[in-house]
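A.B. asks: This is the structure I have questions about; it appears just below.
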Amino acid sequence: MTGAPREILLVSGPNLDLLGDREPAIYGSETLADHVAAAVREGEHHGIGVRHVQSNHEGELIEAIHEARGWASAIIINAGAFTHTSWALHDALAAFDPPVVELHLSNPAAREPFRHISVIAPVADGVVAGFGGLGYGLAVEAVARLLGPMP
Ligand code: CA2
């Protein structure tokens with residue numbers, strides 16, 4: 001392998017740390033750790049590392065995105081409910097040049113009206129939504145394809 005190693009920052013927003021414990025009908029019974037493990041496995045398949053950060057605090061997520069400007073080849077973000085409200089996350093992602101993939105377990109467009117708006121979507125290259133835990137692997141595959149073969 002040549003070139004710098006590729007690594008994705010996987011960002012998980014508020015309440016995703018509760019997955020597996022509540023609301024299984026909407027979000028499934030797998031835990032966030034299960035989803036992160038699926039992303040890591042798919043990354044290994046493509047020779048891409050995955051670093052994960054979860055926080056219930058908007059500022060911590062913004063700091064992680066700022067820091068990723070120094071090392072990440074892409075960001076995959078499930079911003080939780082901040083998806084619908086956080087222009088601060090929007091602005092942080094706008095300052096990150098490499099690919100950004102927005103990720104959701106559910107399909108917010110098929111749910112309550114307040115979930116139909118994403119302030120992340122305008123600064124994302126694409127969105128993976130509605131496929132439950134399968135989406136974590138799909139999002140990593142999307143990044144691998146966007147980045148193309150190692151130079
Ligand atoms: O479908 C998704 O992945 C969401 O990003 C999940 C968010 C929701 O606000 C978005 O509209 C769509 C919710 C995060 C997890 O919330 C939980 C609440 C209780 C129990 C377990 C998870």
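By order of appearance in the structure tokens: chains A, B, ..., then residues from 1 within every chain, and ligands from 1 in the order shown.
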With 10 Å as the cut-off and only C-alpha atoms and all ligand atoms counted, what is the closest atom pair between each nearby residue of chain A and ligand 1? Distances in Å to one decimal, ordered by chain and number, as a tab-separated table.
C.D. replies:
residue	atom	partner	partner_atom_place_in_ligand_line	distance
A:Ser12	CA	ligand 1	5 (O)	8.7
A:Gly13	CA	ligand 1	14 (C)	7.2
A:Pro14	CA	ligand 1	14 (C)	6.2
A:Asn15	CA	ligand 1	15 (C)	4.6
A:Leu16	CA	ligand 1	15 (C)	4.2
A:Asp17	CA	ligand 1	22 (C)	7.1
A:Leu18	CA	ligand 1	21 (C)	4.5
A:Leu19	CA	ligand 1	21 (C)	4.3
A:Gly20	CA	ligand 1	21 (C)	6.7
A:Asp21	CA	ligand 1	21 (C)	6.3
A:Arg22	CA	ligand 1	20 (C)	4.1
A:Glu23	CA	ligand 1	20 (C)	5.0
A:Pro24	CA	ligand 1	21 (C)	7.4
A:Ala25	CA	ligand 1	21 (C)	9.9
A:Ile26	CA	ligand 1	1 (O)	7.8
A:Tyr27	CA	ligand 1	22 (C)	6.6
A:Gly28	CA	ligand 1	21 (C)	8.9
A:Ser29	CA	ligand 1	21 (C)	9.3
A:Thr31	CA	ligand 1	21 (C)	9.1
A:Leu32	CA	ligand 1	22 (C)	9.5
A:Ile77	CA	ligand 1	5 (O)	9.0
A:Asn78	CA	ligand 1	5 (O)	5.4
A:Ala79	CA	ligand 1	5 (O)	5.8
A:Gly80	CA	ligand 1	5 (O)	3.6
A:Ala81	CA	ligand 1	9 (O)	3.5
A:Phe82	CA	ligand 1	9 (O)	7.2
A:Thr83	CA	ligand 1	10 (C)	6.8
A:His84	CA	ligand 1	11 (O)	7.2
A:Glu102	CA	ligand 1	5 (O)	9.1
A:Leu103	CA	ligand 1	3 (O)	6.5
A:His104	CA	ligand 1	3 (O)	3.3
A:Leu105	CA	ligand 1	3 (O)	3.7
A:Ser106	CA	ligand 1	1 (O)	3.6
A:Asn107	CA	ligand 1	1 (O)	6.0
A:Pro108	CA	ligand 1	11 (O)	5.6
A:Ala109	CA	ligand 1	11 (O)	9.1
A:Arg111	CA	ligand 1	11 (O)	8.1
A:Glu112	CA	ligand 1	11 (O)	8.6
A:Phe114	CA	ligand 1	11 (O)	8.2
A:Arg115	CA	ligand 1	11 (O)	5.2
A:His116	CA	ligand 1	11 (O)	8.4
A:Ile117	CA	ligand 1	11 (O)	9.3
A:Ser118	CA	ligand 1	11 (O)	9.0
A:Val128	CA	ligand 1	3 (O)	9.6
A:Ala129	CA	ligand 1	1 (O)	7.0
A:Gly130	CA	ligand 1	1 (O)	7.0
A:Phe131	CA	ligand 1	1 (O)	9.2
A:Gly132	CA	ligand 1	1 (O)	7.8
A:Gly133	CA	ligand 1	3 (O)	9.2
A:Gly135	CA	ligand 1	3 (O)	9.4
A.B. asks: So that I can check the secondary structure, give me every residue of region 41-128 of chain A assigned alpha helix (DSSP H) by backbone DSSP, as an mmCIF file with all heavy atoms, in the first residue's frame.
C.D. replies:
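Resulting contents of part.cif:
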data_model
loop_
_atom_site.group_PDB
_atom_site.id
_atom_site.type_symbol
_atom_site.label_atom_id
_atom_site.label_comp_id
_atom_site.auth_asym_id
_atom_site.auth_seq_id
_atom_site.Cartn_x
_atom_site.Cartn_y
_atom_site.Cartn_z
ATOM 1 N N ARG A 41 -15.501 -3.273 10.416
ATOM 2 C CA ARG A 41 -15.334 -4.468 9.557
ATOM 3 C C ARG A 41 -15.351 -4.082 8.080
ATOM 4 O O ARG A 41 -14.527 -4.529 7.294
ATOM 5 C CB ARG A 41 -16.451 -5.479 9.824
ATOM 6 C CG ARG A 41 -16.162 -6.444 10.966
ATOM 7 C CD ARG A 41 -17.097 -7.656 10.893
ATOM 8 N NE ARG A 41 -18.506 -7.294 10.870
ATOM 9 C CZ ARG A 41 -19.228 -7.007 11.946
ATOM 10 N NH1 ARG A 41 -18.679 -7.040 13.151
ATOM 11 N NH2 ARG A 41 -20.512 -6.692 11.836
ATOM 12 N N GLU A 42 -16.310 -3.237 7.710
ATOM 13 C CA GLU A 42 -16.389 -2.820 6.297
ATOM 14 C C GLU A 42 -15.147 -1.996 5.924
ATOM 15 O O GLU A 42 -14.616 -2.130 4.821
ATOM 16 C CB GLU A 42 -17.665 -2.004 6.053
ATOM 17 C CG GLU A 42 -17.918 -1.633 4.611
ATOM 18 C CD GLU A 42 -18.192 -2.833 3.698
ATOM 19 O OE1 GLU A 42 -18.590 -3.907 4.199
ATOM 20 O OE2 GLU A 42 -18.003 -2.676 2.474
ATOM 21 N N GLY A 43 -14.689 -1.173 6.852
ATOM 22 C CA GLY A 43 -13.471 -0.401 6.593
ATOM 23 C C GLY A 43 -12.275 -1.312 6.352
ATOM 24 O O GLY A 43 -11.486 -1.076 5.432
ATOM 25 N N GLU A 44 -12.162 -2.365 7.151
ATOM 26 C CA GLU A 44 -11.034 -3.308 6.985
ATOM 27 C C GLU A 44 -11.060 -3.914 5.590
ATOM 28 O O GLU A 44 -10.031 -4.120 4.962
ATOM 29 C CB GLU A 44 -11.101 -4.396 8.057
ATOM 30 C CG GLU A 44 -10.645 -3.905 9.423
ATOM 31 C CD GLU A 44 -10.963 -4.869 10.567
ATOM 32 O OE1 GLU A 44 -11.587 -5.917 10.322
ATOM 33 O OE2 GLU A 44 -10.594 -4.547 11.716
ATOM 34 N N HIS A 45 -12.272 -4.187 5.116
ATOM 35 C CA HIS A 45 -12.449 -4.751 3.781
ATOM 36 C C HIS A 45 -11.871 -3.829 2.704
ATOM 37 O O HIS A 45 -11.410 -4.282 1.654
ATOM 38 C CB HIS A 45 -13.958 -4.971 3.575
ATOM 39 C CG HIS A 45 -14.317 -5.650 2.309
ATOM 40 N ND1 HIS A 45 -14.005 -6.967 2.059
ATOM 41 C CD2 HIS A 45 -14.962 -5.189 1.201
ATOM 42 C CE1 HIS A 45 -14.449 -7.291 0.850
ATOM 43 N NE2 HIS A 45 -15.038 -6.244 0.321
ATOM 44 N N HIS A 46 -11.912 -2.527 2.961
ATOM 45 C CA HIS A 46 -11.458 -1.540 1.973
ATOM 46 C C HIS A 46 -10.105 -0.931 2.349
ATOM 47 O O HIS A 46 -9.663 0.017 1.682
ATOM 48 C CB HIS A 46 -12.491 -0.409 1.846
ATOM 49 C CG HIS A 46 -13.812 -0.856 1.313
ATOM 50 N ND1 HIS A 46 -14.033 -1.136 -0.022
ATOM 51 C CD2 HIS A 46 -14.984 -1.127 1.943
ATOM 52 C CE1 HIS A 46 -15.290 -1.523 -0.187
ATOM 53 N NE2 HIS A 46 -15.885 -1.530 0.984
ATOM 54 N N GLU A 58 -23.262 19.105 21.723
ATOM 55 C CA GLU A 58 -23.015 19.673 20.393
ATOM 56 C C GLU A 58 -21.567 20.158 20.247
ATOM 57 O O GLU A 58 -20.919 19.896 19.229
ATOM 58 C CB GLU A 58 -24.002 20.835 20.205
ATOM 59 C CG GLU A 58 -24.107 21.378 18.814
ATOM 60 C CD GLU A 58 -25.165 22.480 18.746
ATOM 61 O OE1 GLU A 58 -25.508 23.086 19.789
ATOM 62 O OE2 GLU A 58 -25.656 22.746 17.635
ATOM 63 N N GLY A 59 -21.070 20.861 21.262
ATOM 64 C CA GLY A 59 -19.717 21.427 21.176
ATOM 65 C C GLY A 59 -18.654 20.348 21.037
ATOM 66 O O GLY A 59 -17.659 20.530 20.320
ATOM 67 N N GLU A 60 -18.838 19.219 21.712
ATOM 68 C CA GLU A 60 -17.849 18.128 21.603
ATOM 69 C C GLU A 60 -17.838 17.557 20.193
ATOM 70 O O GLU A 60 -16.785 17.197 19.663
ATOM 71 C CB GLU A 60 -18.155 17.028 22.626
ATOM 72 C CG GLU A 60 -17.760 17.429 24.034
ATOM 73 C CD GLU A 60 -17.985 16.318 25.057
ATOM 74 O OE1 GLU A 60 -18.243 15.162 24.656
ATOM 75 O OE2 GLU A 60 -17.907 16.637 26.247
ATOM 76 N N LEU A 61 -19.011 17.468 19.576
ATOM 77 C CA LEU A 61 -19.076 16.965 18.198
ATOM 78 C C LEU A 61 -18.388 17.944 17.252
ATOM 79 O O LEU A 61 -17.656 17.540 16.333
ATOM 80 C CB LEU A 61 -20.540 16.755 17.789
ATOM 81 C CG LEU A 61 -21.309 15.725 18.635
ATOM 82 C CD1 LEU A 61 -22.792 15.745 18.272
ATOM 83 C CD2 LEU A 61 -20.742 14.331 18.438
ATOM 84 N N ILE A 62 -18.597 19.231 17.488
ATOM 85 C CA ILE A 62 -17.969 20.256 16.640
ATOM 86 C C ILE A 62 -16.452 20.201 16.780
ATOM 87 O O ILE A 62 -15.717 20.247 15.785
ATOM 88 C CB ILE A 62 -18.531 21.655 17.007
ATOM 89 C CG1 ILE A 62 -19.989 21.733 16.549
ATOM 90 C CG2 ILE A 62 -17.705 22.759 16.372
ATOM 91 C CD1 ILE A 62 -20.767 22.871 17.159
ATOM 92 N N GLU A 63 -15.966 20.058 18.033
ATOM 93 C CA GLU A 63 -14.505 19.959 18.251
ATOM 94 C C GLU A 63 -13.944 18.752 17.513
ATOM 95 O O GLU A 63 -12.860 18.819 16.924
ATOM 96 C CB GLU A 63 -14.185 19.831 19.746
ATOM 97 C CG GLU A 63 -14.636 20.985 20.617
ATOM 98 C CD GLU A 63 -13.716 22.196 20.538
ATOM 99 O OE1 GLU A 63 -12.785 22.186 19.724
ATOM 100 O OE2 GLU A 63 -13.971 23.160 21.289
ATOM 101 N N ALA A 64 -14.661 17.625 17.554
ATOM 102 C CA ALA A 64 -14.173 16.404 16.886
ATOM 103 C C ALA A 64 -14.097 16.625 15.375
ATOM 104 O O ALA A 64 -13.146 16.166 14.721
ATOM 105 C CB ALA A 64 -15.090 15.231 17.214
ATOM 106 N N ILE A 65 -15.069 17.343 14.817
ATOM 107 C CA ILE A 65 -15.061 17.614 13.366
ATOM 108 C C ILE A 65 -13.902 18.558 13.023
ATOM 109 O O ILE A 65 -13.195 18.354 12.033
ATOM 110 C CB ILE A 65 -16.424 18.176 12.920
ATOM 111 C CG1 ILE A 65 -17.490 17.080 13.051
ATOM 112 C CG2 ILE A 65 -16.361 18.718 11.493
ATOM 113 C CD1 ILE A 65 -18.922 17.581 12.972
ATOM 114 N N HIS A 66 -13.686 19.567 13.845
ATOM 115 C CA HIS A 66 -12.540 20.468 13.608
ATOM 116 C C HIS A 66 -11.242 19.677 13.604
ATOM 117 O O HIS A 66 -10.395 19.838 12.725
ATOM 118 C CB HIS A 66 -12.447 21.532 14.703
ATOM 119 C CG HIS A 66 -13.509 22.569 14.648
ATOM 120 N ND1 HIS A 66 -13.583 23.605 15.546
ATOM 121 C CD2 HIS A 66 -14.556 22.732 13.806
ATOM 122 C CE1 HIS A 66 -14.623 24.371 15.257
ATOM 123 N NE2 HIS A 66 -15.230 23.855 14.206
ATOM 124 N N GLU A 67 -11.083 18.810 14.602
ATOM 125 C CA GLU A 67 -9.833 18.044 14.741
ATOM 126 C C GLU A 67 -9.637 17.104 13.563
ATOM 127 O O GLU A 67 -8.508 16.863 13.114
ATOM 128 C CB GLU A 67 -9.883 17.269 16.060
ATOM 129 C CG GLU A 67 -8.528 16.911 16.631
ATOM 130 C CD GLU A 67 -8.409 15.416 16.868
ATOM 131 O OE1 GLU A 67 -9.451 14.724 16.943
ATOM 132 O OE2 GLU A 67 -7.272 14.943 16.941
ATOM 133 N N ALA A 68 -10.738 16.602 13.017
ATOM 134 C CA ALA A 68 -10.672 15.655 11.886
ATOM 135 C C ALA A 68 -10.110 16.303 10.629
ATOM 136 O O ALA A 68 -9.644 15.604 9.724
ATOM 137 C CB ALA A 68 -12.064 15.091 11.602
ATOM 138 N N TRP A 87 -27.256 24.243 13.108
ATOM 139 C CA TRP A 87 -26.504 24.985 12.090
ATOM 140 C C TRP A 87 -25.037 25.057 12.471
ATOM 141 O O TRP A 87 -24.168 25.251 11.592
ATOM 142 C CB TRP A 87 -27.120 26.370 11.893
ATOM 143 C CG TRP A 87 -28.452 26.274 11.200
ATOM 144 C CD1 TRP A 87 -29.691 26.393 11.774
ATOM 145 C CD2 TRP A 87 -28.675 25.957 9.818
ATOM 146 N NE1 TRP A 87 -30.661 26.179 10.816
ATOM 147 C CE2 TRP A 87 -30.077 25.918 9.609
ATOM 148 C CE3 TRP A 87 -27.833 25.714 8.743
ATOM 149 C CZ2 TRP A 87 -30.650 25.635 8.372
ATOM 150 C CZ3 TRP A 87 -28.398 25.436 7.501
ATOM 151 C CH2 TRP A 87 -29.790 25.403 7.331
ATOM 152 N N ALA A 88 -24.728 24.899 13.737
ATOM 153 C CA ALA A 88 -23.317 24.886 14.154
ATOM 154 C C ALA A 88 -22.610 23.646 13.612
ATOM 155 O O ALA A 88 -21.466 23.722 13.134
ATOM 156 C CB ALA A 88 -23.229 24.942 15.677
ATOM 157 N N LEU A 89 -23.283 22.489 13.645
ATOM 158 C CA LEU A 89 -22.700 21.286 13.037
ATOM 159 C C LEU A 89 -22.605 21.456 11.522
ATOM 160 O O LEU A 89 -21.618 21.053 10.902
ATOM 161 C CB LEU A 89 -23.554 20.057 13.362
ATOM 162 C CG LEU A 89 -23.269 19.323 14.670
ATOM 163 C CD1 LEU A 89 -24.245 18.161 14.835
ATOM 164 C CD2 LEU A 89 -21.836 18.812 14.719
ATOM 165 N N HIS A 90 -23.625 22.038 10.924
ATOM 166 C CA HIS A 90 -23.599 22.342 9.481
ATOM 167 C C HIS A 90 -22.337 23.139 9.148
ATOM 168 O O HIS A 90 -21.601 22.793 8.214
ATOM 169 C CB HIS A 90 -24.862 23.131 9.124
ATOM 170 C CG HIS A 90 -24.829 23.818 7.792
ATOM 171 N ND1 HIS A 90 -25.552 23.386 6.710
ATOM 172 C CD2 HIS A 90 -24.152 24.914 7.373
ATOM 173 C CE1 HIS A 90 -25.320 24.178 5.678
ATOM 174 N NE2 HIS A 90 -24.480 25.111 6.056
ATOM 175 N N ASP A 91 -22.085 24.202 9.914
ATOM 176 C CA ASP A 91 -20.941 25.071 9.611
ATOM 177 C C ASP A 91 -19.619 24.331 9.812
ATOM 178 O O ASP A 91 -18.674 24.518 9.035
ATOM 179 C CB ASP A 91 -20.981 26.331 10.490
ATOM 180 C CG ASP A 91 -22.078 27.298 10.052
ATOM 181 O OD1 ASP A 91 -22.671 27.104 8.971
ATOM 182 O OD2 ASP A 91 -22.351 28.255 10.815
ATOM 183 N N ALA A 92 -19.545 23.505 10.854
ATOM 184 C CA ALA A 92 -18.301 22.741 11.097
ATOM 185 C C ALA A 92 -18.045 21.791 9.929
ATOM 186 O O ALA A 92 -16.908 21.670 9.451
ATOM 187 C CB ALA A 92 -18.403 21.964 12.409
ATOM 188 N N LEU A 93 -19.087 21.125 9.453
ATOM 189 C CA LEU A 93 -18.923 20.191 8.327
ATOM 190 C C LEU A 93 -18.601 20.942 7.038
ATOM 191 O O LEU A 93 -17.861 20.434 6.183
ATOM 192 C CB LEU A 93 -20.192 19.345 8.157
ATOM 193 C CG LEU A 93 -20.427 18.330 9.276
ATOM 194 C CD1 LEU A 93 -21.857 17.785 9.215
ATOM 195 C CD2 LEU A 93 -19.420 17.183 9.198
ATOM 196 N N ALA A 94 -19.138 22.140 6.894
ATOM 197 C CA ALA A 94 -18.842 22.935 5.692
ATOM 198 C C ALA A 94 -17.361 23.287 5.619
ATOM 199 O O ALA A 94 -16.821 23.512 4.527
ATOM 200 C CB ALA A 94 -19.698 24.203 5.683
#
A.B. asks: As a list in words, which residues of region 8-145 of chain A does DSSP assign to strand (DSSP E or B)?
C.D. replies: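 Here is the list: Ile8, Leu9, Leu10, Val11, Ser12, Leu19, Arg22, Ile48, Gly49, Val50, Arg51, His52, Val53, Gln54, Ala74, Ile75, Ile76, Ile77, Asn78, Val100, Val101, Glu102, Leu103, His104, Gly126, Val127, Val128 and Ala129 of chain A.
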A.B. asks: Quick one: residues within 9 Å of Gly126 (chain A), only C-alpha atoms, excluding same-chain residues fewer than 2 positions away - as a count of residues only?
C.D. replies: 10
